[in-house]
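File shown here: data_3.cif, holding mmCIF, C-alpha atoms.
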data_query
loop_
_atom_site.label_atom_id
_atom_site.label_comp_id
_atom_site.auth_asym_id
_atom_site.auth_seq_id
_atom_site.Cartn_x
_atom_site.Cartn_y
_atom_site.Cartn_z
CA MET A 1204 14.82 1.11 -39.38
CA MET A 1205 17.59 -0.80 -37.59
CA PHE A 1206 19.97 -2.83 -39.69
CA PRO A 1207 20.52 -6.41 -38.54
CA SER A 1208 23.79 -7.06 -36.79
CA ARG A 1209 26.71 -7.82 -39.05
CA PRO A 1210 27.61 -9.85 -40.94
CA MET A 1211 24.23 -9.80 -42.71
CA LEU A 1212 22.85 -12.68 -44.71
CA CYS A 1213 20.53 -11.43 -47.44
CA VAL A 1214 18.62 -14.22 -49.12
CA ILE A 1215 16.92 -13.37 -52.43
CA THR A 1216 13.98 -15.44 -53.60
CA ASP A 1217 14.51 -17.83 -56.49
CA GLU A 1218 11.89 -17.36 -59.24
CA GLU A 1219 11.65 -21.12 -59.62
CA LEU A 1220 10.67 -21.87 -56.02
CA PRO A 1221 7.48 -20.95 -54.12
CA PRO A 1222 8.70 -17.80 -52.36
CA VAL A 1223 6.86 -18.03 -49.06
CA THR A 1224 8.05 -21.56 -48.21
CA PHE A 1225 11.55 -20.64 -49.32
CA ALA A 1226 11.53 -17.46 -47.22
CA ARG A 1227 10.45 -19.44 -44.16
CA GLN A 1228 13.33 -21.90 -44.60
CA ALA A 1229 15.88 -19.14 -45.19
CA LEU A 1230 14.73 -17.22 -42.13
CA TRP A 1231 14.91 -20.32 -39.95
CA GLY A 1232 18.45 -20.75 -41.19
CA GLY A 1233 19.41 -17.26 -40.05
CA ALA A 1234 18.76 -14.92 -43.01
CA THR A 1235 18.70 -11.37 -41.66
CA ILE A 1236 17.38 -9.75 -44.86
CA LEU A 1237 14.80 -11.40 -47.09
CA GLN A 1238 14.48 -9.87 -50.54
CA LEU A 1239 11.49 -10.70 -52.74
CA ARG A 1240 12.70 -10.62 -56.32
CA ASN A 1241 10.57 -11.75 -59.24
CA LYS A 1242 10.70 -9.91 -62.54
CA THR A 1243 7.79 -11.74 -64.17
CA ALA A 1244 5.19 -12.20 -61.43
CA SER A 1245 1.93 -10.21 -61.48
CA GLY A 1246 1.36 -7.36 -59.03
CA ARG A 1247 -1.28 -9.51 -57.39
CA ASP A 1248 1.19 -12.33 -56.65
CA LEU A 1249 3.91 -9.94 -55.49
CA CYS A 1250 1.44 -8.29 -53.12
CA ARG A 1251 0.20 -11.64 -51.80
CA TRP A 1252 3.72 -12.97 -51.26
CA SER A 1253 4.84 -9.73 -49.57
CA GLU A 1254 1.96 -9.86 -47.15
CA ALA A 1255 2.81 -13.48 -46.31
CA ILE A 1256 6.58 -12.98 -45.94
CA LEU A 1257 6.51 -9.72 -43.96
CA PRO A 1258 5.17 -11.29 -40.72
CA LEU A 1259 7.70 -14.13 -41.05
CA THR A 1260 10.58 -11.65 -41.19
CA ARG A 1261 9.14 -9.89 -38.12
CA GLN A 1262 9.15 -13.17 -36.17
CA HIS A 1263 12.85 -13.56 -36.96
CA ASN A 1264 13.84 -9.91 -36.45
CA ALA A 1265 14.85 -9.80 -40.11
CA LEU A 1266 14.20 -7.12 -42.74
CA PHE A 1267 11.83 -7.58 -45.66
CA ILE A 1268 12.89 -5.84 -48.86
CA VAL A 1269 11.11 -5.78 -52.25
CA ASN A 1270 13.24 -5.75 -55.40
CA ASP A 1271 12.48 -2.95 -57.89
CA ARG A 1272 8.74 -2.59 -57.21
CA LEU A 1273 8.50 0.35 -54.85
CA ASP A 1274 4.73 0.37 -55.44
CA ILE A 1275 4.48 -3.10 -53.88
CA ALA A 1276 6.80 -2.10 -51.02
CA LEU A 1277 4.63 0.95 -50.26
CA ALA A 1278 1.35 -0.94 -50.57
CA THR A 1279 2.42 -3.79 -48.27
CA GLY A 1280 4.45 -1.92 -45.64
CA ALA A 1281 7.74 -3.65 -46.50
CA ASP A 1282 10.87 -2.46 -44.71
CA GLY A 1283 12.32 -1.16 -47.94
CA VAL A 1284 13.19 -1.55 -51.58
CA HIS A 1285 16.21 -2.77 -53.52
CA LEU A 1286 16.88 -0.87 -56.74
CA GLY A 1287 18.93 -1.80 -59.78
CA GLN A 1288 20.64 0.73 -62.04
CA ASP A 1289 17.62 0.60 -64.41
CA ASP A 1290 15.06 1.06 -61.63
CA LEU A 1291 13.98 4.28 -59.91
CA PRO A 1292 16.87 6.39 -58.61
CA ALA A 1293 17.40 6.23 -54.83
CA THR A 1294 16.64 9.96 -54.50
CA VAL A 1295 13.13 9.44 -55.92
CA ALA A 1296 12.53 6.35 -53.80
CA ARG A 1297 13.64 8.24 -50.69
CA LYS A 1298 10.99 10.92 -51.19
CA LEU A 1299 8.27 8.27 -51.31
CA LEU A 1300 9.60 5.97 -48.59
CA GLY A 1301 10.61 8.60 -46.06
CA PRO A 1302 13.79 8.69 -43.99
CA ASP A 1303 13.24 5.55 -41.93
CA ARG A 1304 12.83 2.79 -44.45
CA ILE A 1305 15.66 0.98 -46.18
CA ILE A 1306 16.91 1.61 -49.71
CA GLY A 1307 19.50 -0.67 -51.26
CA VAL A 1308 21.10 -0.12 -54.65
CA SER A 1309 22.82 -2.65 -56.91
CA THR A 1310 26.23 -1.46 -58.01
CA GLY A 1311 29.02 -2.94 -60.10
CA THR A 1312 31.77 -0.34 -59.83
CA ARG A 1313 33.32 1.89 -57.21
CA GLU A 1314 31.77 4.92 -58.92
CA GLU A 1315 28.26 3.47 -58.86
CA ALA A 1316 28.65 2.53 -55.21
CA LEU A 1317 29.78 6.04 -54.21
CA GLN A 1318 27.00 7.56 -56.31
CA ALA A 1319 24.42 5.34 -54.56
CA GLU A 1320 25.73 6.45 -51.18
CA LYS A 1321 25.50 10.08 -52.27
CA GLU A 1322 21.93 9.57 -53.42
CA GLY A 1323 20.92 8.35 -49.99
CA ALA A 1324 21.12 4.56 -50.23
CA ASP A 1325 21.28 2.77 -46.86
CA TYR A 1326 23.38 -0.03 -48.29
CA VAL A 1327 24.82 -1.08 -51.63
CA GLY A 1328 24.80 -4.47 -53.23
CA PHE A 1329 28.20 -4.85 -54.90
CA GLY A 1330 29.09 -7.42 -57.53
CA HIS A 1331 29.06 -9.76 -59.06
CA ILE A 1332 32.13 -10.74 -57.09
CA PHE A 1333 32.62 -14.20 -58.64
CA PRO A 1334 31.30 -15.89 -61.79
CA THR A 1335 27.62 -16.68 -61.31
CA GLY A 1336 24.95 -18.76 -62.96
CA SER A 1337 22.03 -17.00 -61.24
CA LYS A 1338 21.66 -14.10 -63.64
CA ASP A 1339 22.91 -13.34 -67.13
CA LYS A 1340 25.97 -11.16 -66.74
CA PRO A 1341 27.47 -9.25 -69.63
CA LEU A 1342 30.39 -8.02 -67.52
CA PRO A 1343 33.25 -10.02 -65.97
CA PRO A 1344 33.25 -10.54 -62.18
CA VAL A 1345 34.61 -7.60 -60.17
CA GLY A 1346 36.70 -9.78 -57.85
CA THR A 1347 37.64 -9.43 -54.18
CA ARG A 1348 40.17 -6.65 -54.72
CA ALA A 1349 37.56 -4.23 -56.05
CA LEU A 1350 35.31 -5.38 -53.22
CA GLN A 1351 37.94 -4.56 -50.62
CA GLU A 1352 38.70 -1.16 -52.14
CA THR A 1353 35.04 -0.15 -52.51
CA ALA A 1354 34.10 -1.31 -49.01
CA SER A 1355 36.90 0.83 -47.57
CA LEU A 1356 35.62 3.95 -49.36
CA LEU A 1357 32.00 3.64 -48.25
CA SER A 1358 30.49 4.66 -44.96
CA ILE A 1359 27.34 2.59 -45.58
CA PRO A 1360 27.27 -1.22 -45.52
CA LEU A 1361 28.37 -3.09 -48.62
CA ILE A 1362 26.66 -6.39 -49.26
CA ALA A 1363 28.63 -8.59 -51.62
CA ILE A 1364 26.67 -10.46 -54.29
CA GLY A 1365 27.32 -12.80 -57.17
CA GLY A 1366 28.72 -16.31 -57.07
CA ILE A 1367 29.02 -16.38 -53.30
CA GLN A 1368 29.04 -19.91 -51.90
CA LEU A 1369 30.02 -21.65 -48.72
CA GLU A 1370 33.62 -21.89 -49.98
CA ASN A 1371 34.17 -18.15 -50.43
CA ALA A 1372 31.79 -16.50 -47.92
CA ARG A 1373 34.49 -16.25 -45.28
CA ARG A 1374 36.92 -14.54 -47.65
CA VAL A 1375 34.32 -12.01 -48.80
CA ILE A 1376 33.62 -10.94 -45.22
CA SER A 1377 37.33 -10.73 -44.43
CA CYS A 1378 37.63 -8.31 -47.39
CA GLY A 1379 35.34 -5.84 -45.65
CA ALA A 1380 31.84 -6.74 -46.86
CA SER A 1381 29.15 -6.18 -44.22
CA GLY A 1382 27.24 -9.15 -45.53
CA ILE A 1383 26.47 -11.35 -48.48
CA ALA A 1384 23.46 -11.71 -50.76
CA VAL A 1385 22.73 -15.13 -52.22
CA ILE A 1386 20.14 -16.92 -54.29
CA SER A 1387 21.39 -20.30 -55.48
CA ALA A 1388 23.75 -20.99 -52.55
CA VAL A 1389 20.61 -21.36 -50.46
CA SER A 1390 17.86 -22.13 -52.98
CA ARG A 1391 19.67 -24.97 -54.78
CA HIS A 1392 20.68 -26.72 -51.59
CA PRO A 1393 18.54 -29.75 -50.73
CA ASP A 1394 17.83 -28.07 -47.37
CA PRO A 1395 17.86 -24.25 -47.66
CA ARG A 1396 17.75 -23.88 -43.89
CA ILE A 1397 20.97 -25.86 -43.44
CA ALA A 1398 22.61 -23.93 -46.30
CA ALA A 1399 21.75 -20.60 -44.66
CA GLU A 1400 23.03 -21.77 -41.26
CA ALA A 1401 26.33 -22.83 -42.81
CA LEU A 1402 26.75 -19.45 -44.54
CA VAL A 1403 26.10 -17.64 -41.26
CA ARG A 1404 28.82 -19.73 -39.59
CA GLU A 1405 31.30 -19.11 -42.39
CA MET A 1406 30.70 -15.36 -42.25
CA ALA A 1407 31.24 -15.35 -38.50
CA GLU A 1408 34.63 -17.02 -39.12
CA GLY A 1409 35.41 -14.35 -41.71
CA MET A 1410 34.88 -11.62 -39.10
CA LEU A 1411 37.74 -13.09 -37.08
CA LEU A 1412 40.23 -13.06 -39.95
CA MET B 1284 -1.28 20.01 -64.63
CA SER B 1285 -3.32 20.65 -61.48
CA PRO B 1286 -2.52 18.74 -58.27
CA ALA B 1287 -4.05 15.27 -58.00
CA ASN B 1288 -6.81 16.04 -55.51
CA SER B 1289 -7.42 19.77 -55.72
CA GLN B 1290 -11.15 19.48 -56.38
CA PRO B 1291 -13.42 16.63 -57.37
CA LEU B 1292 -14.21 17.05 -61.05
CA PRO B 1293 -16.36 14.56 -62.92
CA LEU B 1294 -14.41 11.87 -64.74
CA PRO B 1295 -13.84 12.49 -68.43
CA ARG B 1296 -16.01 10.36 -70.74
CA ILE B 1297 -13.16 9.39 -73.01
CA CYS B 1298 -9.90 7.63 -72.21
CA TRP B 1299 -7.02 7.45 -74.67
CA ILE B 1300 -4.45 4.74 -74.06
CA THR B 1301 -0.86 5.00 -75.32
CA SER B 1302 0.51 2.46 -77.77
CA GLY B 1303 3.09 0.60 -75.70
CA ARG B 1304 5.62 1.37 -78.40
CA GLU B 1305 7.75 4.04 -76.77
CA THR B 1306 11.32 2.84 -77.13
CA ASP B 1307 12.84 5.06 -74.43
CA GLY B 1308 11.75 7.68 -71.93
CA SER B 1309 11.55 10.55 -74.41
CA GLY B 1310 7.78 10.33 -74.99
CA GLN B 1311 7.92 12.29 -78.23
CA GLN B 1312 5.27 10.13 -79.89
CA ILE B 1313 2.85 10.61 -77.02
CA SER B 1314 3.52 14.35 -76.74
CA ARG B 1315 2.69 14.77 -80.41
CA LEU B 1316 -0.64 13.01 -79.98
CA LEU B 1317 -1.50 15.01 -76.88
CA GLN B 1318 -1.19 18.17 -78.96
CA GLU B 1319 -4.04 16.82 -81.07
CA LEU B 1320 -6.53 16.40 -78.21
CA PRO B 1321 -9.65 18.56 -78.71
CA LEU B 1322 -9.26 21.45 -76.28
CA ASN B 1323 -12.91 21.91 -75.37
CA ARG B 1324 -13.32 18.60 -73.56
CA PRO B 1325 -11.45 16.83 -70.75
CA ALA B 1326 -9.85 13.49 -71.53
CA MET B 1327 -8.29 10.74 -69.52
CA VAL B 1328 -4.90 9.69 -70.89
CA LEU B 1329 -3.43 6.38 -69.77
CA ILE B 1330 0.31 5.89 -70.16
CA ARG B 1331 0.71 2.17 -70.71
CA GLU B 1332 4.27 1.37 -71.76
CA LYS B 1333 5.08 -1.88 -70.01
CA GLN B 1334 8.18 -2.53 -72.08
CA LEU B 1335 10.03 0.33 -70.34
CA ASN B 1336 12.06 -0.16 -67.17
CA GLY B 1337 11.40 1.91 -64.04
CA ARG B 1338 13.92 4.59 -64.85
CA GLN B 1339 12.64 5.06 -68.41
CA LEU B 1340 9.04 5.12 -67.21
CA LEU B 1341 9.92 7.78 -64.66
CA ALA B 1342 11.50 9.93 -67.38
CA LEU B 1343 8.52 9.43 -69.67
CA ALA B 1344 5.92 10.20 -66.99
CA SER B 1345 7.79 13.33 -65.83
CA ARG B 1346 7.90 14.59 -69.37
CA ILE B 1347 4.22 13.91 -70.11
CA ALA B 1348 3.21 15.46 -66.78
CA LYS B 1349 4.52 18.79 -68.06
CA GLU B 1350 2.18 18.79 -71.08
CA THR B 1351 -0.83 21.07 -71.06
CA LEU B 1352 -4.00 19.01 -71.33
CA PRO B 1353 -7.61 20.16 -71.73
CA ASN B 1354 -9.12 21.41 -68.48
CA GLY B 1355 -10.35 18.63 -66.19
CA SER B 1356 -8.22 15.99 -67.91
CA ARG B 1357 -6.62 13.15 -65.95
CA LEU B 1358 -3.21 11.69 -66.56
CA MET B 1359 -2.92 8.05 -65.50
CA LEU B 1360 -0.12 5.50 -65.40
CA SER B 1361 -0.46 1.78 -65.77
CA GLU B 1362 0.03 -0.04 -62.44
CA ARG B 1363 3.10 1.77 -61.05
CA MET B 1364 1.68 3.84 -58.21
CA ASP B 1365 5.21 4.76 -57.05
CA ILE B 1366 6.06 6.41 -60.37
CA ALA B 1367 2.65 8.11 -60.57
CA LEU B 1368 3.24 9.59 -57.10
CA ALA B 1369 6.80 10.64 -57.92
CA THR B 1370 5.72 12.50 -61.06
CA GLY B 1371 2.49 14.00 -59.74
CA LEU B 1372 0.10 12.15 -62.05
CA HIS B 1373 -3.59 11.90 -61.14
CA GLY B 1374 -3.68 8.16 -60.67
CA VAL B 1375 -3.00 4.60 -61.66
CA HIS B 1376 -4.84 2.14 -63.83
CA LEU B 1377 -4.50 -1.47 -62.69
CA PRO B 1378 -4.46 -4.61 -64.78
CA GLU B 1379 -6.82 -7.34 -63.59
CA HIS B 1380 -4.03 -9.26 -61.79
CA SER B 1381 -2.58 -6.33 -59.89
CA CYS B 1382 -1.97 -5.47 -56.28
CA PRO B 1383 -5.49 -4.92 -54.82
CA ALA B 1384 -6.73 -1.33 -55.05
CA ASP B 1385 -7.38 -1.01 -51.31
CA ARG B 1386 -3.69 -1.64 -50.52
CA LEU B 1387 -2.63 1.02 -53.01
CA ARG B 1388 -5.28 3.42 -51.70
CA SER B 1389 -3.95 3.30 -48.16
CA ALA B 1390 -0.45 4.02 -49.45
CA SER B 1391 -1.59 6.93 -51.67
CA PRO B 1392 -4.94 8.28 -50.47
CA GLY B 1393 -5.39 11.04 -53.05
CA MET B 1394 -5.04 8.92 -56.15
CA LEU B 1395 -7.58 8.09 -58.77
CA ILE B 1396 -7.56 4.30 -59.16
CA GLY B 1397 -9.06 2.40 -62.08
CA LYS B 1398 -8.97 -1.25 -62.98
CA SER B 1399 -9.40 -3.44 -66.05
CA VAL B 1400 -11.94 -6.23 -65.67
CA HIS B 1401 -13.10 -8.95 -68.01
CA SER B 1402 -16.17 -10.36 -66.23
CA PRO B 1403 -19.10 -9.15 -64.09
CA GLU B 1404 -17.60 -11.06 -61.12
CA SER B 1405 -14.30 -9.30 -61.29
CA ALA B 1406 -16.12 -5.97 -61.75
CA LEU B 1407 -17.87 -6.56 -58.41
CA ALA B 1408 -14.61 -7.62 -56.74
CA ALA B 1409 -12.93 -4.44 -57.99
CA GLU B 1410 -15.80 -2.32 -56.70
CA LYS B 1411 -15.35 -3.90 -53.24
CA GLU B 1412 -11.66 -2.96 -53.36
CA GLY B 1413 -12.79 0.62 -53.84
CA VAL B 1414 -11.78 1.46 -57.40
CA ASP B 1415 -12.95 4.78 -58.88
CA TYR B 1416 -13.75 3.44 -62.34
CA LEU B 1417 -13.51 0.29 -64.47
CA PHE B 1418 -12.50 -0.68 -67.97
CA PHE B 1419 -14.57 -3.54 -69.34
CA SER B 1420 -13.11 -5.31 -72.35
CA PRO B 1421 -12.99 -6.45 -75.07
CA VAL B 1422 -16.45 -5.25 -76.01
CA PHE B 1423 -15.89 -5.29 -79.78
CA ALA B 1424 -13.30 -6.85 -82.07
CA SER B 1425 -10.09 -4.89 -81.75
CA LEU B 1426 -7.48 -4.17 -84.37
CA SER B 1427 -4.81 -2.97 -81.99
CA LYS B 1428 -5.05 -5.87 -79.55
CA PRO B 1429 -6.51 -8.87 -81.38
CA GLY B 1430 -6.71 -12.17 -79.59
CA TYR B 1431 -7.51 -10.68 -76.19
CA GLY B 1432 -9.97 -13.32 -75.10
CA PRO B 1433 -13.54 -13.82 -76.29
CA LEU B 1434 -15.54 -10.73 -77.21
CA GLN B 1435 -17.81 -9.59 -74.39
CA GLY B 1436 -20.37 -7.81 -76.58
CA THR B 1437 -22.88 -5.17 -75.54
CA ALA B 1438 -25.14 -7.56 -73.60
CA LEU B 1439 -22.37 -8.33 -71.09
CA LEU B 1440 -21.37 -4.67 -71.02
CA ARG B 1441 -24.96 -3.87 -70.00
CA GLU B 1442 -24.82 -6.54 -67.28
CA VAL B 1443 -21.58 -5.14 -65.84
CA CYS B 1444 -22.91 -1.57 -65.88
CA ARG B 1445 -26.05 -2.71 -64.05
CA ALA B 1446 -24.14 -4.82 -61.53
CA THR B 1447 -21.80 -2.06 -60.37
CA SER B 1448 -22.24 1.54 -59.29
CA VAL B 1449 -18.70 2.41 -60.42
CA PRO B 1450 -18.34 4.25 -63.78
CA VAL B 1451 -17.54 1.77 -66.56
CA PHE B 1452 -15.56 2.56 -69.71
CA ALA B 1453 -16.14 0.26 -72.67
CA LEU B 1454 -12.83 -0.82 -74.24
CA GLY B 1455 -11.94 -2.92 -77.28
CA GLY B 1456 -12.77 -2.09 -80.87
CA ILE B 1457 -14.30 1.32 -80.04
CA ARG B 1458 -15.16 3.35 -83.15
CA PRO B 1459 -17.44 6.31 -83.74
CA GLU B 1460 -20.25 4.02 -84.97
CA ASN B 1461 -20.35 1.87 -81.82
CA THR B 1462 -19.84 4.61 -79.24
CA ILE B 1463 -23.56 5.39 -78.74
CA PRO B 1464 -24.51 1.72 -78.20
CA CYS B 1465 -21.98 1.57 -75.35
CA ILE B 1466 -23.50 4.61 -73.66
CA GLU B 1467 -26.99 3.14 -74.13
CA CYS B 1468 -25.77 0.03 -72.27
CA GLY B 1469 -24.95 2.23 -69.29
CA ALA B 1470 -21.25 2.84 -69.91
CA TRP B 1471 -19.91 6.08 -68.45
CA GLY B 1472 -17.61 6.46 -71.43
CA VAL B 1473 -15.32 4.74 -73.90
CA ALA B 1474 -11.60 3.95 -73.95
CA SER B 1475 -9.42 3.29 -76.93
CA LEU B 1476 -5.84 2.47 -77.77
CA GLY B 1477 -6.15 1.97 -81.52
CA LEU B 1478 -7.86 5.26 -82.33
CA PHE B 1479 -5.27 7.22 -80.40
CA THR B 1480 -2.27 5.66 -82.03
CA GLU B 1481 -3.35 4.31 -85.37
CA THR B 1482 -5.81 6.81 -86.80
CA ALA B 1483 -4.54 8.91 -89.68
CA ASN B 1484 -6.40 11.99 -88.49
CA PHE B 1485 -6.61 11.57 -84.74
CA ARG B 1486 -8.01 15.02 -83.97
CA LYS B 1487 -10.92 14.55 -86.34
CA THR B 1488 -11.74 11.09 -84.92
CA ALA B 1489 -11.49 12.43 -81.37
CA GLU B 1490 -13.85 15.31 -82.19
CA THR B 1491 -16.32 12.90 -83.77
CA ILE B 1492 -16.35 10.67 -80.69
CA ASP B 1493 -16.58 13.66 -78.36
CA ARG B 1494 -19.76 14.79 -80.11
CA LEU B 1495 -21.33 11.36 -79.60
CA LEU B 1496 -20.61 11.22 -75.86
CA PRO B 1497 -22.92 12.68 -73.20
#

Same coordinates, now as structure tokens:
Amino acid sequence: MMFPSRPMLCVITDEELPPVTFARQALWGGATILQLRNKTASGRDLCRWSEAILPLTRQHNALFIVNDRLDIALATGADGVHLGQDDLPATVARKLLGPDRIIGVSTGTREEALQAEKEGADYVGFGHIFPTGSKDKPLPPVGTRALQETASLLSIPLIAIGGIQLENARRVISCGASGIAVISAVSRHPDPRIAAEALVREMAEGMLL
Amino acid sequence: MSPANSQPLPLPRICWITSGRETDGSGQQISRLLQELPLNRPAMVLIREKQLNGRQLLALASRIAKETLPNGSRLMLSERMDIALATGLHGVHLPEHSCPADRLRSASPGMLIGKSVHSPESALAAEKEGVDYLFFSPVFASLSKPGYGPLQGTALLREVCRATSVPVFALGGIRPENTIPCIECGAWGVASLGLFTETANFRKTAETIDRLLP
């Protein structure tokens, strides 16, 4: 599976919005990875949404990734799975997904990121970089310094996550992130497509710094 | 445990469902109960511990997969086909609002796939998706899962068994005294959560039910 060109914009679905409409808007706005994340939806809904979003990502040359539920990813032919520290280990997911599909792992420290790389992850999510309202976070933000250091140690792409907005997207990319993952920066904007386009522009500026 | 699709054996007539009260991946409670299974008869055992996260469920399923079960037994996991595949279980049992069985089948051809249904219509829909067996519930009043919708009763159980050619397990309030009526309605077998986890002398109850089944 080919990674999108960098910098990557990974848009994660917001549990409070209809995911297919949201995915369409995000993809129009330039999202290169679309991640379906919903911790409470039934398997039936996840399957239905996956089957609706997958062809949309194909039209836009983007990747479609399912959060946590490798069963849904396998059943619907998604491009890959994104795993948290409490989900299946990457090594187990790799055996089921084969060498070609994408595995991402959420990490919050340098050690977790290196471990994920060792276990065969194709990319790591790293964060949360800044304070965030999207998810309950027991730990303080990791900050851009840890981001810079971790990105320099990895040979796989690092996608920065957590509190990333239009105002700081450029800085995150200039610190060595290969992309950003966002929920609210796109989902809470009155026009998600415009929000995604603006983030893509900011990241492009960050590449020049 | 034998590989998932070594040879087609008939389905067991009894399915024991775990309590949903495992607090981590250790599975000690379940292992202890599995030791009590009567050895002379195959059983289906369904691991249903939805409160655990993926990593805990993987640890639990790997541990249970190492247990010796009566010959011809089937070890099933609730919904998570990925974890069942990773740990070499025989199959998955799907809740009514799950990913359709045909999608899972194409991703894991050798698996046994069952599904819970609560109406004759959804039994027929599940049969079209290609499930291997069904749970129909709640047939009788249940102590372990009270308040699970209106009781279906034996008349509806009979209707579901007639409507579908897929083996049907009666679930909900199963006790030794109502096992035979279920079989007379056309059920392939019975499934129970309460008897497995809440009976003082599980082995004795299991032996009693085994004797009543075809």

- Message: Residues of chain B were defined as contacting chain A if any atom lay at most 7 Å from it, counting only C-alpha atoms; please report them as a list in words.
- Response: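 On the chain B side, the interface is Asn1336, Gly1337, Arg1338, Arg1363, Met1364, Asp1365, Ala1369, His1380, Ser1381, Cys1382, Pro1383, Arg1386, Leu1387 and Ala1390 of chain B.
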
**Item:** Selection: 8 Å around range 1341-1355 of chain A, all atoms listed in the file, excl. self and same-chain fewer than 5 positions, as a PyMOL selection string
**Value:** chain A and resi 1311-1313+1316+1329-1334+1360-1361+1363+1375+1378-1380

Counting all atoms listed in the file, the residue among A:Asp1394, A:Glu1400, A:Glu1254, A:Glu1408 that lies closest to Arg1373 in chain A is A:Glu1408

Here CA of Pro1459 in chain B and CA of Thr1491 in chain B stand apart by 6.7 Å

Next item on the list: List the residues matched by the PyMOL selection byres ((chain B and resi 1478) around 9) in the displayed structure as a ChimeraX atom specification, ordered by chain and then by residue number.
Entry: /B:1299-1300,1427,1456-1458,1475-1477,1479-1483,1485,1488-1489

Quiz prompt | Residues returned when the PyMOL selection byres ((chain B and resi 1301) around 12) runs on this file, as a PyMOL selection string | solution = chain B and resi 1298-1300+1302-1305+1310-1317+1327-1333+1343-1344+1347+1358-1361+1427+1474-1481

Selection from above, C-alpha atoms, as a short mmCIF file (atom, residue, chain, number, x, y, z; two decimals), in the frame of the given file, can you write it?
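Saved file out_11.cif follows:
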data_model
loop_
_atom_site.label_atom_id
_atom_site.label_comp_id
_atom_site.auth_asym_id
_atom_site.auth_seq_id
_atom_site.Cartn_x
_atom_site.Cartn_y
_atom_site.Cartn_z
CA CYS B 1298 -9.90 7.63 -72.21
CA TRP B 1299 -7.02 7.45 -74.67
CA ILE B 1300 -4.45 4.74 -74.06
CA SER B 1302 0.51 2.46 -77.77
CA GLY B 1303 3.09 0.60 -75.70
CA ARG B 1304 5.62 1.37 -78.40
CA GLU B 1305 7.75 4.04 -76.77
CA GLY B 1310 7.78 10.33 -74.99
CA GLN B 1311 7.92 12.29 -78.23
CA GLN B 1312 5.27 10.13 -79.89
CA ILE B 1313 2.85 10.61 -77.02
CA SER B 1314 3.52 14.35 -76.74
CA ARG B 1315 2.69 14.77 -80.41
CA LEU B 1316 -0.64 13.01 -79.98
CA LEU B 1317 -1.50 15.01 -76.88
CA MET B 1327 -8.29 10.74 -69.52
CA VAL B 1328 -4.90 9.69 -70.89
CA LEU B 1329 -3.43 6.38 -69.77
CA ILE B 1330 0.31 5.89 -70.16
CA ARG B 1331 0.71 2.17 -70.71
CA GLU B 1332 4.27 1.37 -71.76
CA LYS B 1333 5.08 -1.88 -70.01
CA LEU B 1343 8.52 9.43 -69.67
CA ALA B 1344 5.92 10.20 -66.99
CA ILE B 1347 4.22 13.91 -70.11
CA LEU B 1358 -3.21 11.69 -66.56
CA MET B 1359 -2.92 8.05 -65.50
CA LEU B 1360 -0.12 5.50 -65.40
CA SER B 1361 -0.46 1.78 -65.77
CA SER B 1427 -4.81 -2.97 -81.99
CA ALA B 1474 -11.60 3.95 -73.95
CA SER B 1475 -9.42 3.29 -76.93
CA LEU B 1476 -5.84 2.47 -77.77
CA GLY B 1477 -6.15 1.97 -81.52
CA LEU B 1478 -7.86 5.26 -82.33
CA PHE B 1479 -5.27 7.22 -80.40
CA THR B 1480 -2.27 5.66 -82.03
CA GLU B 1481 -3.35 4.31 -85.37
#

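Across the structure, CA of Phe1423 in chain B and CA of Arg1486 in chain B are spaced 22.2 Å apart.
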
- prompt: To one decimal place, how far is CA of Glu1404 in chain B from CA of Cys1465 in chain B in Å?
  reply: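 So the answer is 19.5 Å.
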
* To do: Please identify all polymer residues within 9 Å of Ala1226 in chain A, counting all atoms listed in the file, omitting same-chain residues fewer than 3 positions from it, and present them as a PyMOL selection string.
  => chain A and resi 1214-1216+1221-1223+1229-1231+1234+1237-1239+1256+1259-1260

Exercise for the section: Between A:Gly1232, A:Pro1395, A:Gly1301, A:Gly1382, single out the one closest to His1263 in chain A, counting all atoms listed in the file. Expected result: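 Of A:Gly1232, A:Pro1395, A:Gly1301, A:Gly1382, the one nearest His1263 in chain A, counting all atoms listed in the file, is A:Gly1232.
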
Would you fill the gaps in range 1393-1398 of chain B so it has N, CA and C atoms, then print it as a compact mmCIF listing (two decimals), in the frame of the given file?
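Writing the result to selection.txt gives the following:
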# COMPACT_ATOMS: atom_id res chain seq x y z
N GLY B 1393 -4.78 10.08 -52.12
CA GLY B 1393 -5.39 11.04 -53.05
C GLY B 1393 -5.55 10.56 -54.48
N MET B 1394 -5.13 9.35 -54.75
CA MET B 1394 -5.04 8.92 -56.15
C MET B 1394 -6.36 8.44 -56.72
N LEU B 1395 -6.50 8.71 -58.01
CA LEU B 1395 -7.58 8.09 -58.77
C LEU B 1395 -7.11 6.67 -59.12
N ILE B 1396 -7.97 5.68 -58.87
CA ILE B 1396 -7.56 4.30 -59.16
C ILE B 1396 -8.61 3.62 -60.03
N GLY B 1397 -8.18 3.15 -61.18
CA GLY B 1397 -9.06 2.40 -62.08
C GLY B 1397 -8.55 1.00 -62.25
N LYS B 1398 -9.40 0.13 -62.80
CA LYS B 1398 -8.97 -1.25 -62.98
C LYS B 1398 -9.62 -1.87 -64.21
